[in-house]
Amino acid sequence: MADDTETKHGGSKNGRKEGLSGSSFFTWFMVIALLGVWTSVAVVWFELVDYEEVLGKLGIYDADGDGDFDVEDAKVLLGLKERSVPAQPASPESEENVQPAEKSYVESEHKTADVELEEEIQSVLHEALHSHPAKKKRKPKLLNKFDKTIKAELDAAEKLRKKGKVEEALRAFEALVNQYPQSPRARYGKAQSEDDLAEKMRSNEMLQQAINTYDEVVSLPNVPSDLIKLSLKREADRQQFLGRMRGSLVTLQKLVQLFPSETSFKNDLGVGYLLIGDNSNAKKVYEEVLSVAPNDGFAKVHYGFILKAENKIAESIPYLQEGLESGDPGTDDGRFYFHLGDALQRMGDKEAYKWYELGYQRGHFASVWQRSLYNVKGLKAQPWWTARETGYTELVKSLEKNWKLIRDEGLAVMDKKRSLFLPEDENLREKGDWSQFTLWQQGRKNENACKSVPKTCALLERFPEATGCRRGQIKYSIMHPGTHVWPHTGPTNCRLRMHLGLVIPKEGCRIRCAQENRDWEEGKVLIFDDSFEHEVWQDAESYRLIFIVDVWHPELTAQQRRTLPAI
């Protein structure tokens, strides 16, 4: 059973290093292809939205790690909210370790731096935090001349809402709207009360009513600018919550048209484009922002992120770095540290580990080496595992006993149906030829694929820890000579990865996980935690064929295995 103890990553809990405390604040987000570069079991109340269909595509913008794009993600993405890291770890049964998700309509469930590096990191951290003192926010003006004459009635209704008497507040605001149909503030209060009630009832239908009412506010005469901004921003937020990204985009476009000089709305619009996978228009928006506000950190990190997604690695680095250093709201997120470090690594720059260390200190990573972003707290964290440590000894024995059967079925596919092996498509290769033939993905069996390797699939059906692992895959992997796979980390600490050697050249093939290299052997299983940084070299004279089986982390409870969103 997982617990909350944090010890060193070499063989312990969450890979945290003792003696350093993570910062208790950070912001963000993401965006799905950003979610693209970067997928939901959810209960949809009143079944108005197919989250599996809509939000499954938004993996890259999932800011809180709960597997879907929801209100908290939108808040952070749009720079409306800062992340906070809990002072104490949550219980083992709690949600994932990225950020607690708001529960509403959808429920789902090293190297140590030396002293010189440590001082440099602290210097960067201090500069980022203290060089941009927060400006005192102006209180928004929500009342027009008429609403000031009924301020007492508006305040009485608002007091009910703030006390949590949602139904009474809604009745009070409805009465005011009926009595004063031209009152923007009464209409806005009605929308907020519907919004609150929707969350209380977990009703998408009520939430849609709130969205409609927010939109009505803007159409009234003499609406204060601040009220227009609040109404449209909340409308866009709620539309995104329901997965209505294109509707949200229209709302954000309206905001930019009404307030063209406010770069924050353009930044929000850029996120809106990213949420529908329109990186091209998002890029144009951020270029426009940076042309008038060249030091806007939010625009910089997102622009850098887009450049990296375009594989413009060197070009992306200064934008990601300067954006992070700005300390602007919406910039301090694990994904930006992740991608900046990755870009630096690909350029051969050891500065990458400074940023990984800083990301760790900020609470985004479990350790410098373990940098997955979708995590459950308290799980045992170590790079390499034995079969006994996993508890999956029967699976390992079965794989090793039947390795020739698995090999022969795989070789037959290579000989007769080579097109079933698809090239690796996550941009993880520096060079070479690496293809995979997938049998299970996210706990779903590929029936057509299994027709080609029926005995192998029948063998695996006995092991739900593998076939039911919705955060992993089961697949053949062939790698040809001259291939190098960049250092990278998997997305989650909720799985372990088994490699069964099938066809292994005598020399030239090796894998590194964290700081230890190992070699494959035919008929033998290697087990590692791919949430730790790992890297692969294939410098042999012939191909290497292995069989990959992902399994649930053994310390996950049955409840967690049922409810954790797929990745």
# chains A, B, ... in the order shown; residues from 1 in each chain; ligands from 1
>>> select_by_dssp(residues="range 120-356 of chain A", states="alpha helix (DSSP H)", output="MDAnalysis selection string")
chainID A and resid 120:130 145:149 151:162 166:179 184:201 204:219 225:241 245:258 263:275 279:292 297:309 313:326 334:346 352:356
>>> residues_around(residues="range 513-524 of chain A", least_positions_apart="3", cutoff="8 Å", atoms="only C-alpha atoms", output="PyMOL selection string")
chain A and resi 110-111+369+383-384+399-401+403-404+499-504+509-510+528+530+532-535
>>> residues_around(residues="range 216-230 of chain A", least_positions_apart="2", cutoff="12 Å", atoms="only C-alpha atoms", output="VMD selection string")
chain A and resid 80 138 to 148 177 180 to 192 209 to 214 232 to 237 251 to 252 254 to 259 262 264 to 265
>>> residues_around(residues="Ile306 in chain A", least_positions_apart="4", cutoff="10 Å", atoms="only C-alpha atoms", output="MDAnalysis selection string")
chainID A and resid 33:34 274 279:280 282:283 286 300:302 310:312 316 320
>>> closest_residue(among="A:Asp196, A:Glu430, A:Glu507, A:Glu389", to="Pro487 in chain A", atoms="only C-alpha atoms")
A:Glu430
>>> residues_around(residues="Gly341 in chain A", least_positions_apart="3", cutoff="9 Å", atoms="only C-alpha atoms", output="list in words")
Ile317, Phe336, Tyr337, Phe338, Leu344, Gln345, Arg346, Asp349, Lys350, Glu351, Ala352, Tyr353, Lys354, Trp355 and Tyr356 of chain A
>>> closest_residue(among="A:Arg471, A:Ser372, A:Arg512, A:Phe463", to="Val485 in chain A", atoms="only C-alpha atoms")
A:Arg512
>>> select_by_dssp(residues="range 474-528 of chain A", states="strand (DSSP E)", output="MDAnalysis selection string")
chainID A and resid 474:479 483:488 495:503 509:513 516:518 525:528
>>> residues_around(residues="Cys494 in chain A", least_positions_apart="6", cutoff="8 Å", atoms="only C-alpha atoms", output="PyMOL selection string")
chain A and resi 375-376+379+471+552-553+556
>>> write_last_selection(atoms="all heavy atoms", output="PDB file, in the first residue's frame")
ATOM      1  N   ASN A 375       0.863  11.871 -11.604  1.00  0.00           N
ATOM      2  CA  ASN A 375       1.376  11.003 -10.557  1.00  0.00           C
ATOM      3  C   ASN A 375       0.394  10.783  -9.417  1.00  0.00           C
ATOM      4  O   ASN A 375      -0.444  11.635  -9.132  1.00  0.00           O
ATOM      5  CB  ASN A 375       2.662  11.604  -9.984  1.00  0.00           C
ATOM      6  CG  ASN A 375       3.738  11.792 -11.035  1.00  0.00           C
ATOM      7  OD1 ASN A 375       3.911  10.939 -11.894  1.00  0.00           O
ATOM      8  ND2 ASN A 375       4.438  12.904 -10.974  1.00  0.00           N
ATOM      9  N   VAL A 376       0.524   9.645  -8.778  1.00  0.00           N
ATOM     10  CA  VAL A 376      -0.150   9.366  -7.511  1.00  0.00           C
ATOM     11  C   VAL A 376       0.905   9.417  -6.417  1.00  0.00           C
ATOM     12  O   VAL A 376       1.983   8.823  -6.550  1.00  0.00           O
ATOM     13  CB  VAL A 376      -0.847   7.995  -7.527  1.00  0.00           C
ATOM     14  CG1 VAL A 376      -1.272   7.572  -6.127  1.00  0.00           C
ATOM     15  CG2 VAL A 376      -2.073   8.042  -8.453  1.00  0.00           C
ATOM     16  N   LEU A 379       3.813   6.463  -3.978  1.00  0.00           N
ATOM     17  CA  LEU A 379       4.169   5.184  -4.583  1.00  0.00           C
ATOM     18  C   LEU A 379       5.681   4.988  -4.528  1.00  0.00           C
ATOM     19  O   LEU A 379       6.448   5.921  -4.744  1.00  0.00           O
ATOM     20  CB  LEU A 379       3.702   5.120  -6.035  1.00  0.00           C
ATOM     21  CG  LEU A 379       2.198   5.225  -6.290  1.00  0.00           C
ATOM     22  CD1 LEU A 379       1.914   5.165  -7.784  1.00  0.00           C
ATOM     23  CD2 LEU A 379       1.438   4.130  -5.562  1.00  0.00           C
ATOM     24  N   ARG A 471      -3.016   2.920 -18.229  1.00  0.00           N
ATOM     25  CA  ARG A 471      -1.949   3.917 -18.389  1.00  0.00           C
ATOM     26  C   ARG A 471      -0.732   3.306 -19.065  1.00  0.00           C
ATOM     27  O   ARG A 471       0.397   3.727 -18.812  1.00  0.00           O
ATOM     28  CB  ARG A 471      -1.583   4.514 -17.028  1.00  0.00           C
ATOM     29  CG  ARG A 471      -2.741   5.292 -16.426  1.00  0.00           C
ATOM     30  CD  ARG A 471      -2.340   6.246 -15.340  1.00  0.00           C
ATOM     31  NE  ARG A 471      -3.386   7.254 -15.187  1.00  0.00           N
ATOM     32  CZ  ARG A 471      -3.249   8.366 -14.481  1.00  0.00           C
ATOM     33  NH1 ARG A 471      -2.129   8.622 -13.852  1.00  0.00           N
ATOM     34  NH2 ARG A 471      -4.242   9.225 -14.399  1.00  0.00           N
ATOM     35  N   TRP A 552       0.285  -2.059 -13.955  1.00  0.00           N
ATOM     36  CA  TRP A 552      -0.006  -1.088 -12.899  1.00  0.00           C
ATOM     37  C   TRP A 552       1.095  -1.123 -11.840  1.00  0.00           C
ATOM     38  O   TRP A 552       1.634  -2.180 -11.526  1.00  0.00           O
ATOM     39  CB  TRP A 552      -1.321  -1.413 -12.206  1.00  0.00           C
ATOM     40  CG  TRP A 552      -2.573  -1.074 -12.949  1.00  0.00           C
ATOM     41  CD1 TRP A 552      -3.528  -1.956 -13.369  1.00  0.00           C
ATOM     42  CD2 TRP A 552      -3.055   0.226 -13.327  1.00  0.00           C
ATOM     43  NE1 TRP A 552      -4.563  -1.294 -13.992  1.00  0.00           N
ATOM     44  CE2 TRP A 552      -4.302   0.047 -13.979  1.00  0.00           C
ATOM     45  CE3 TRP A 552      -2.549   1.521 -13.189  1.00  0.00           C
ATOM     46  CZ2 TRP A 552      -5.044   1.112 -14.485  1.00  0.00           C
ATOM     47  CZ3 TRP A 552      -3.300   2.585 -13.690  1.00  0.00           C
ATOM     48  CH2 TRP A 552      -4.526   2.372 -14.334  1.00  0.00           C
ATOM     49  N   HIS A 553       1.420   0.017 -11.294  1.00  0.00           N
ATOM     50  CA  HIS A 553       2.325   0.048 -10.145  1.00  0.00           C
ATOM     51  C   HIS A 553       1.717  -0.822  -9.048  1.00  0.00           C
ATOM     52  O   HIS A 553       0.521  -0.698  -8.733  1.00  0.00           O
ATOM     53  CB  HIS A 553       2.505   1.484  -9.645  1.00  0.00           C
ATOM     54  CG  HIS A 553       3.611   1.642  -8.658  1.00  0.00           C
ATOM     55  ND1 HIS A 553       3.546   1.107  -7.384  1.00  0.00           N
ATOM     56  CD2 HIS A 553       4.821   2.273  -8.752  1.00  0.00           C
ATOM     57  CE1 HIS A 553       4.661   1.413  -6.734  1.00  0.00           C
ATOM     58  NE2 HIS A 553       5.454   2.106  -7.541  1.00  0.00           N
ATOM     59  N   LEU A 556      -0.692   0.571  -6.221  1.00  0.00           N
ATOM     60  CA  LEU A 556      -1.999   1.181  -6.484  1.00  0.00           C
ATOM     61  C   LEU A 556      -3.100   0.277  -5.960  1.00  0.00           C
ATOM     62  O   LEU A 556      -3.056  -0.941  -6.125  1.00  0.00           O
ATOM     63  CB  LEU A 556      -2.194   1.399  -7.988  1.00  0.00           C
ATOM     64  CG  LEU A 556      -1.398   2.533  -8.630  1.00  0.00           C
ATOM     65  CD1 LEU A 556      -1.595   2.512 -10.138  1.00  0.00           C
ATOM     66  CD2 LEU A 556      -1.803   3.885  -8.060  1.00  0.00           C
TER      67      LEU A 556
END
>>> atom_distance(atom1="CA of His480 in chain A", atom2="CA of Arg544 in chain A")
6.3 Å
